[in-house]
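Take a look at the structure below.
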Amino acid sequence: MIVDFHMHSQCSDGQLVPQELVDLAVTRGCAQIAITDHDTVAAYAELDLQSQPIRLVTGCEFSTQWQGREIHIVGLNLDLQAADLLDGLASQQQARSQRAERIAVQLARHGFVDAYAGALKFAQGTSVGRPHFARYLVELGAVANFQQAFKRYLAAGKPAYVRAEWATLEQVCSWIGAAGGVAVLAHPLKYKMTLTKLRALLTVFKAAGGSAIEVVSGAQQPEQTRRLAGLARQFGLQASIGSDFHQPGQPWAALGQVAPLPVDCDPVWSGW
Ligand code: MN
Ligand code: MN
Ligand code: MN
């Protein structure tokens, strides 16, 4: 059974609209998916949840900060009406738009005076984020491609990088808990932490109410999957699977084309 509990639609920085994601998942043979846009659950308002050919689990990818790093938590199986969740998402959206305004100020210092308006065109009604600025810089011809926009201007340590004031790990886990959901540490290897640091993060995450990690994230090496399964076991965490799909043709993983969990894992969906 193929499951994929991490993907993005046009409601954040993905390329496909929510129903296109569901249709693609059906084509790929997925039995269950979750659409996990960055700090928004708008995708679920665009879908007819009663008439989908596969199981659609509600989800969201939250940005948090921990020890000066940006950490992502996927919330799954959320009650989308929960007041704490909706309040939390509103404050995250505010943090996102404040960051976008500050990025625009930095880009103006480098001669890109209309960056906010330029990025807004690409945001298609969602809040402006770094990918939208990147696409604007490409359109201007200021950089050769999307990746170069990050390398020169938008990535951490570059001139237009601005750290967003995201909620803490504890706050995000409490919103997810209040919505009856499961908090999953997203793409644990993407943070490039030492094992000691990753263990410290997992300890804090578990104490905050986190109960699962992505043992499979995108197209990773079998050795990495085994390592993450080992950590899940040691910390008593359930295991999730996610491609982190954003657009067709992306290098790291296609929707639904993810390895199965090792047999000794406790799947996050086992009790659903
Ligand atoms: Mn993204
Ligand atoms: Mn992420
Ligand atoms: Mn993601």
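If you're wondering about the labels, chains in the structure tokens are A, B, ... by order shown, residues count from 1 in each chain, ligands from 1 in order shown.
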Report as number ranges by chain all protein, DNA and RNA residues lying within 12 Å of Phe150 of chain A, evaluated on only C-alpha atoms, omitting residues in the same chain fewer than 2 positions from it.
A: 130-138, 142-148, 152-161
Please return, as a PDB file with N, CA, C and O atoms, in the first residue's frame, all residues of segment 15-246 of chain A that DSSP assigns to strand (DSSP E) on the basis of the backbone.
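Writing done, so here's result-v4.pdb:
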ATOM      1  N   CYS A  30      -1.451   5.493  -5.101  1.00  0.00           N
ATOM      2  CA  CYS A  30      -1.470   5.774  -3.661  1.00  0.00           C
ATOM      3  C   CYS A  30      -2.821   5.366  -3.062  1.00  0.00           C
ATOM      4  O   CYS A  30      -3.864   5.568  -3.683  1.00  0.00           O
ATOM      5  N   ALA A  31      -2.761   4.825  -1.855  1.00  0.00           N
ATOM      6  CA  ALA A  31      -3.991   4.490  -1.136  1.00  0.00           C
ATOM      7  C   ALA A  31      -4.409   5.631  -0.212  1.00  0.00           C
ATOM      8  O   ALA A  31      -5.595   5.844   0.031  1.00  0.00           O
ATOM      9  N   GLN A  32      -3.414   6.335   0.331  1.00  0.00           N
ATOM     10  CA  GLN A  32      -3.687   7.430   1.266  1.00  0.00           C
ATOM     11  C   GLN A  32      -2.678   8.540   1.001  1.00  0.00           C
ATOM     12  O   GLN A  32      -1.493   8.261   0.825  1.00  0.00           O
ATOM     13  N   ILE A  33      -3.162   9.773   1.035  1.00  0.00           N
ATOM     14  CA  ILE A  33      -2.235  10.901   0.960  1.00  0.00           C
ATOM     15  C   ILE A  33      -2.669  11.990   1.946  1.00  0.00           C
ATOM     16  O   ILE A  33      -3.812  12.009   2.403  1.00  0.00           O
ATOM     17  N   ALA A  34      -1.734  12.883   2.238  1.00  0.00           N
ATOM     18  CA  ALA A  34      -2.055  14.128   2.937  1.00  0.00           C
ATOM     19  C   ALA A  34      -1.411  15.259   2.158  1.00  0.00           C
ATOM     20  O   ALA A  34      -0.251  15.155   1.737  1.00  0.00           O
ATOM     21  N   ARG A  55      -8.039   7.691   0.157  1.00  0.00           N
ATOM     22  CA  ARG A  55      -8.183   8.290   1.480  1.00  0.00           C
ATOM     23  C   ARG A  55      -7.346   9.567   1.564  1.00  0.00           C
ATOM     24  O   ARG A  55      -6.141   9.551   1.332  1.00  0.00           O
ATOM     25  N   LEU A  56      -8.021  10.646   1.917  1.00  0.00           N
ATOM     26  CA  LEU A  56      -7.359  11.930   2.051  1.00  0.00           C
ATOM     27  C   LEU A  56      -7.290  12.267   3.537  1.00  0.00           C
ATOM     28  O   LEU A  56      -8.321  12.421   4.182  1.00  0.00           O
ATOM     29  N   VAL A  57      -6.065  12.333   4.048  1.00  0.00           N
ATOM     30  CA  VAL A  57      -5.844  12.658   5.460  1.00  0.00           C
ATOM     31  C   VAL A  57      -5.531  14.146   5.528  1.00  0.00           C
ATOM     32  O   VAL A  57      -4.738  14.647   4.721  1.00  0.00           O
ATOM     33  N   GLY A  59      -3.799  17.594   6.579  1.00  0.00           N
ATOM     34  CA  GLY A  59      -2.415  17.835   6.992  1.00  0.00           C
ATOM     35  C   GLY A  59      -1.965  19.262   6.745  1.00  0.00           C
ATOM     36  O   GLY A  59      -2.634  20.055   6.075  1.00  0.00           O
ATOM     37  N   CYS A  60      -0.806  19.564   7.316  1.00  0.00           N
ATOM     38  CA  CYS A  60      -0.201  20.895   7.199  1.00  0.00           C
ATOM     39  C   CYS A  60       1.267  20.778   7.602  1.00  0.00           C
ATOM     40  O   CYS A  60       1.596  20.016   8.515  1.00  0.00           O
ATOM     41  N   GLU A  61       2.155  21.491   6.915  1.00  0.00           N
ATOM     42  CA  GLU A  61       3.566  21.542   7.326  1.00  0.00           C
ATOM     43  C   GLU A  61       3.822  22.881   8.006  1.00  0.00           C
ATOM     44  O   GLU A  61       3.719  23.932   7.370  1.00  0.00           O
ATOM     45  N   PHE A  62       4.160  22.813   9.290  1.00  0.00           N
ATOM     46  CA  PHE A  62       4.391  24.025  10.079  1.00  0.00           C
ATOM     47  C   PHE A  62       5.883  24.346  10.130  1.00  0.00           C
ATOM     48  O   PHE A  62       6.702  23.458  10.350  1.00  0.00           O
ATOM     49  N   SER A  63       6.188  25.634   9.996  1.00  0.00           N
ATOM     50  CA  SER A  63       7.558  26.092  10.223  1.00  0.00           C
ATOM     51  C   SER A  63       7.697  26.452  11.693  1.00  0.00           C
ATOM     52  O   SER A  63       6.843  27.141  12.249  1.00  0.00           O
ATOM     53  N   THR A  64       8.780  25.996  12.309  1.00  0.00           N
ATOM     54  CA  THR A  64       9.031  26.367  13.707  1.00  0.00           C
ATOM     55  C   THR A  64      10.499  26.750  13.832  1.00  0.00           C
ATOM     56  O   THR A  64      11.285  26.532  12.910  1.00  0.00           O
ATOM     57  N   GLN A  65      10.849  27.302  14.963  1.00  0.00           N
ATOM     58  CA  GLN A  65      12.270  27.505  15.199  1.00  0.00           C
ATOM     59  C   GLN A  65      12.688  26.835  16.498  1.00  0.00           C
ATOM     60  O   GLN A  65      11.947  26.803  17.472  1.00  0.00           O
ATOM     61  N   TRP A  66      13.879  26.286  16.451  1.00  0.00           N
ATOM     62  CA  TRP A  66      14.456  25.600  17.608  1.00  0.00           C
ATOM     63  C   TRP A  66      15.959  25.837  17.582  1.00  0.00           C
ATOM     64  O   TRP A  66      16.616  25.530  16.597  1.00  0.00           O
ATOM     65  N   ARG A  69      17.457  27.335  14.493  1.00  0.00           N
ATOM     66  CA  ARG A  69      17.279  26.642  13.220  1.00  0.00           C
ATOM     67  C   ARG A  69      15.807  26.597  12.860  1.00  0.00           C
ATOM     68  O   ARG A  69      14.967  26.563  13.747  1.00  0.00           O
ATOM     69  N   GLU A  70      15.536  26.540  11.562  1.00  0.00           N
ATOM     70  CA  GLU A  70      14.159  26.348  11.126  1.00  0.00           C
ATOM     71  C   GLU A  70      13.880  24.853  11.022  1.00  0.00           C
ATOM     72  O   GLU A  70      14.562  24.135  10.299  1.00  0.00           O
ATOM     73  N   ILE A  71      12.896  24.410  11.788  1.00  0.00           N
ATOM     74  CA  ILE A  71      12.511  22.996  11.833  1.00  0.00           C
ATOM     75  C   ILE A  71      11.075  22.893  11.333  1.00  0.00           C
ATOM     76  O   ILE A  71      10.242  23.732  11.690  1.00  0.00           O
ATOM     77  N   HIS A  72      10.800  21.879  10.535  1.00  0.00           N
ATOM     78  CA  HIS A  72       9.442  21.704   9.998  1.00  0.00           C
ATOM     79  C   HIS A  72       8.734  20.521  10.653  1.00  0.00           C
ATOM     80  O   HIS A  72       9.304  19.443  10.779  1.00  0.00           O
ATOM     81  N   ILE A  73       7.499  20.779  11.058  1.00  0.00           N
ATOM     82  CA  ILE A  73       6.659  19.755  11.680  1.00  0.00           C
ATOM     83  C   ILE A  73       5.423  19.553  10.817  1.00  0.00           C
ATOM     84  O   ILE A  73       4.710  20.517  10.515  1.00  0.00           O
ATOM     85  N   VAL A  74       5.188  18.317  10.420  1.00  0.00           N
ATOM     86  CA  VAL A  74       3.966  18.003   9.682  1.00  0.00           C
ATOM     87  C   VAL A  74       2.897  17.574  10.691  1.00  0.00           C
ATOM     88  O   VAL A  74       3.142  16.693  11.520  1.00  0.00           O
ATOM     89  N   GLY A  75       1.743  18.218  10.631  1.00  0.00           N
ATOM     90  CA  GLY A  75       0.601  17.799  11.440  1.00  0.00           C
ATOM     91  C   GLY A  75      -0.324  16.979  10.555  1.00  0.00           C
ATOM     92  O   GLY A  75      -0.636  17.398   9.435  1.00  0.00           O
ATOM     93  N   LEU A  76      -0.740  15.813  11.026  1.00  0.00           N
ATOM     94  CA  LEU A  76      -1.614  14.940  10.231  1.00  0.00           C
ATOM     95  C   LEU A  76      -2.896  14.650  10.976  1.00  0.00           C
ATOM     96  O   LEU A  76      -2.908  14.601  12.219  1.00  0.00           O
ATOM     97  N   ALA A 167       6.593  30.263  15.148  1.00  0.00           N
ATOM     98  CA  ALA A 167       6.240  29.747  16.471  1.00  0.00           C
ATOM     99  C   ALA A 167       7.287  28.731  16.937  1.00  0.00           C
ATOM    100  O   ALA A 167       8.068  28.214  16.131  1.00  0.00           O
ATOM    101  N   THR A 168       7.271  28.459  18.226  1.00  0.00           N
ATOM    102  CA  THR A 168       8.197  27.456  18.755  1.00  0.00           C
ATOM    103  C   THR A 168       7.663  26.050  18.479  1.00  0.00           C
ATOM    104  O   THR A 168       6.476  25.861  18.176  1.00  0.00           O
ATOM    105  N   VAL A 182      -1.607  14.335  14.795  1.00  0.00           N
ATOM    106  CA  VAL A 182      -0.311  13.735  15.121  1.00  0.00           C
ATOM    107  C   VAL A 182       0.789  14.666  14.618  1.00  0.00           C
ATOM    108  O   VAL A 182       0.752  15.099  13.458  1.00  0.00           O
ATOM    109  N   ALA A 183       1.759  14.987  15.481  1.00  0.00           N
ATOM    110  CA  ALA A 183       2.883  15.834  15.080  1.00  0.00           C
ATOM    111  C   ALA A 183       4.038  14.951  14.611  1.00  0.00           C
ATOM    112  O   ALA A 183       4.496  14.068  15.335  1.00  0.00           O
ATOM    113  N   VAL A 184       4.491  15.227  13.375  1.00  0.00           N
ATOM    114  CA  VAL A 184       5.524  14.409  12.722  1.00  0.00           C
ATOM    115  C   VAL A 184       6.732  15.297  12.408  1.00  0.00           C
ATOM    116  O   VAL A 184       6.572  16.334  11.749  1.00  0.00           O
ATOM    117  N   LEU A 185       7.913  14.915  12.848  1.00  0.00           N
ATOM    118  CA  LEU A 185       9.101  15.684  12.464  1.00  0.00           C
ATOM    119  C   LEU A 185       9.379  15.429  10.979  1.00  0.00           C
ATOM    120  O   LEU A 185       9.586  14.293  10.559  1.00  0.00           O
ATOM    121  N   ALA A 212       5.785  11.274  16.010  1.00  0.00           N
ATOM    122  CA  ALA A 212       6.208  10.513  14.830  1.00  0.00           C
ATOM    123  C   ALA A 212       7.317  11.246  14.083  1.00  0.00           C
ATOM    124  O   ALA A 212       7.500  12.457  14.260  1.00  0.00           O
ATOM    125  N   ILE A 213       8.054  10.524  13.267  1.00  0.00           N
ATOM    126  CA  ILE A 213       9.030  11.159  12.370  1.00  0.00           C
ATOM    127  C   ILE A 213       8.894  10.562  10.963  1.00  0.00           C
ATOM    128  O   ILE A 213       8.420   9.431  10.792  1.00  0.00           O
ATOM    129  N   GLU A 214       9.337  11.341   9.992  1.00  0.00           N
ATOM    130  CA  GLU A 214       9.373  10.823   8.620  1.00  0.00           C
ATOM    131  C   GLU A 214      10.578   9.898   8.492  1.00  0.00           C
ATOM    132  O   GLU A 214      11.716  10.350   8.364  1.00  0.00           O
ATOM    133  N   VAL A 215      10.303   8.616   8.538  1.00  0.00           N
ATOM    134  CA  VAL A 215      11.374   7.627   8.374  1.00  0.00           C
ATOM    135  C   VAL A 215      11.761   7.537   6.896  1.00  0.00           C
ATOM    136  O   VAL A 215      12.903   7.272   6.554  1.00  0.00           O
ATOM    137  N   VAL A 216      10.790   7.784   6.029  1.00  0.00           N
ATOM    138  CA  VAL A 216      11.073   7.884   4.597  1.00  0.00           C
ATOM    139  C   VAL A 216      10.713   9.294   4.148  1.00  0.00           C
ATOM    140  O   VAL A 216       9.572   9.729   4.276  1.00  0.00           O
ATOM    141  N   SER A 217      11.722  10.032   3.645  1.00  0.00           N
ATOM    142  CA  SER A 217      11.487  11.375   3.125  1.00  0.00           C
ATOM    143  C   SER A 217      12.125  11.481   1.755  1.00  0.00           C
ATOM    144  O   SER A 217      13.344  11.521   1.624  1.00  0.00           O
ATOM    145  N   GLN A 238       6.256   6.931  16.158  1.00  0.00           N
ATOM    146  CA  GLN A 238       5.683   6.291  14.988  1.00  0.00           C
ATOM    147  C   GLN A 238       6.413   6.784  13.733  1.00  0.00           C
ATOM    148  O   GLN A 238       7.180   7.758  13.795  1.00  0.00           O
ATOM    149  N   ALA A 239       6.156   6.106  12.622  1.00  0.00           N
ATOM    150  CA  ALA A 239       6.883   6.410  11.394  1.00  0.00           C
ATOM    151  C   ALA A 239       5.936   6.884  10.305  1.00  0.00           C
ATOM    152  O   ALA A 239       4.844   6.342  10.135  1.00  0.00           O
ATOM    153  N   SER A 240       6.369   7.914   9.560  1.00  0.00           N
ATOM    154  CA  SER A 240       5.590   8.406   8.437  1.00  0.00           C
ATOM    155  C   SER A 240       6.436   8.374   7.162  1.00  0.00           C
ATOM    156  O   SER A 240       7.657   8.166   7.210  1.00  0.00           O
ATOM    157  N   ILE A 241       5.758   8.590   6.041  1.00  0.00           N
ATOM    158  CA  ILE A 241       6.379   8.561   4.713  1.00  0.00           C
ATOM    159  C   ILE A 241       5.921   9.805   3.966  1.00  0.00           C
ATOM    160  O   ILE A 241       4.728  10.109   3.951  1.00  0.00           O
ATOM    161  N   GLY A 242       6.859  10.513   3.338  1.00  0.00           N
ATOM    162  CA  GLY A 242       6.448  11.664   2.544  1.00  0.00           C
ATOM    163  C   GLY A 242       7.437  11.977   1.440  1.00  0.00           C
ATOM    164  O   GLY A 242       8.650  11.922   1.638  1.00  0.00           O
TER     165      GLY A 242
END
Using only C-alpha atoms and all ligand atoms, which residues of the polymer chains come no farther than 8 Å from ligand 3? I'd like the answer as a VMD selection string.
chain A and resid 6 to 8 36 to 38 61 72 186 244 to 246
For those residues, write C-alpha atoms to a file as a compact mmCIF listing (two decimals), in the first residue's frame.
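The resulting file, result24.txt, is shown below:
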# COMPACT_ATOMS: atom_id res chain seq x y z
CA HIS A 6 3.94 15.16 2.61
CA MET A 7 3.24 17.20 -0.53
CA HIS A 8 2.51 20.78 -1.54
CA THR A 36 0.72 19.42 3.67
CA ASP A 37 1.05 23.01 2.52
CA HIS A 38 3.29 25.41 4.42
CA GLU A 61 3.57 21.54 7.33
CA HIS A 72 9.44 21.70 10.00
CA ALA A 186 9.55 16.40 8.75
CA ASP A 244 7.78 16.41 -0.15
CA PHE A 245 6.52 16.74 -3.71
CA HIS A 246 6.29 20.32 -5.03
Name the residues in contact with segment 195-197 of chain A at a cut-off of 10 Å, using only C-alpha atoms, excluding same-chain residues fewer than 6 positions from it; report them as an MDAnalysis selection string.
chainID A and resid 189 203 231
Based on the backbone DSSP call, show me all residues of segment 45-221 of chain A assigned alpha helix (DSSP H), as number ranges by chain.
A: 45, 83-109, 115-123, 130-140, 146-149, 169-178, 195-207
As a list in words, please: the residues near Glu46 of chain A (cut-off 8 Å, only C-alpha atoms, same-chain neighbours under 3 positions excluded).
Pro18, Gln19, Ala42 and Ala43 of chain A
Given the selection you just returned, output its residues as a file containing N, CA and C atoms, formatted as an mmCIF file, in the first residue's frame.
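Now in selection_26.cif:
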data_model
loop_
_atom_site.group_PDB
_atom_site.id
_atom_site.type_symbol
_atom_site.label_atom_id
_atom_site.label_comp_id
_atom_site.auth_asym_id
_atom_site.auth_seq_id
_atom_site.Cartn_x
_atom_site.Cartn_y
_atom_site.Cartn_z
ATOM 1 N N PRO A 18 -4.949 21.462 -5.685
ATOM 2 C CA PRO A 18 -5.195 20.284 -4.839
ATOM 3 C C PRO A 18 -5.788 19.082 -5.581
ATOM 4 N N GLN A 19 -6.803 19.312 -6.419
ATOM 5 C CA GLN A 19 -7.415 18.151 -7.096
ATOM 6 C C GLN A 19 -6.430 17.488 -8.062
ATOM 7 N N ALA A 42 -5.599 25.564 3.397
ATOM 8 C CA ALA A 42 -6.533 26.057 2.377
ATOM 9 C C ALA A 42 -6.858 24.994 1.324
ATOM 10 N N ALA A 43 -5.943 24.077 1.073
ATOM 11 C CA ALA A 43 -6.182 23.051 0.038
ATOM 12 C C ALA A 43 -7.463 22.279 0.317
#
Just to confirm, what's the straight-line distance from atom CA of Gly209 of chain A to atom CA of Glu170 of chain A in Å (one decimal)?
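Atom CA of Glu170 of chain A lies at a distance of 7.8 Å from atom CA of Gly209 of chain A.
In this comparison, which uses only C-alpha atoms, the residue of A:Gly181, A:Arg226, A:Val3, A:Gly14 approaching Pro248 of chain A most closely is A:Gly14.
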Shortest interatomic distance to ligand 1 - which of A:Ala100, A:Asp264, A:Leu78, A:Ser243, counting only C-alpha atoms and all ligand atoms
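That would be A:Ser243, the residue with the smallest distance to ligand 1.
Taking atom CA of Arg102 of chain A and atom CA of Gln15 of chain A as the two end points, the separation is 24.9 Å.
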Between A:Cys11, A:Ala45, A:Leu237, A:Ile176, which residue has the minimum interatomic distance to ligand 1, considering only C-alpha atoms and all ligand atoms?
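Smallest distance to ligand 1 is found for A:Cys11.
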Nearest-residue call for ligand 1, choices A:Gln10, A:Thr194, A:Gln220, A:Gln106, using only C-alpha atoms and all ligand atoms
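Comparing A:Gln10, A:Thr194, A:Gln220, A:Gln106 against ligand 1, the winner is A:Gln10.
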Selected residue, from A:Lys190, A:Ala232, A:Asp48, A:Ser270, that lies nearest to ligand 2 when counting only C-alpha atoms and all ligand atoms:
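The closest residue to ligand 2 is A:Lys190.
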Spatial neighbours of Leu85 of chain A, 12 Å, only C-alpha atoms, chain gap at least 2 places, as a ChimeraX atom specification:
/A:39-41,59-60,62,75,78-83,87-92,171-181
So the first atom is atom CA of Tyr116 of chain A and the second is atom CA of Ala104 of chain A; what is the distance between them in Å, to one decimal place?
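These atoms are spaced 5.4 Å apart.
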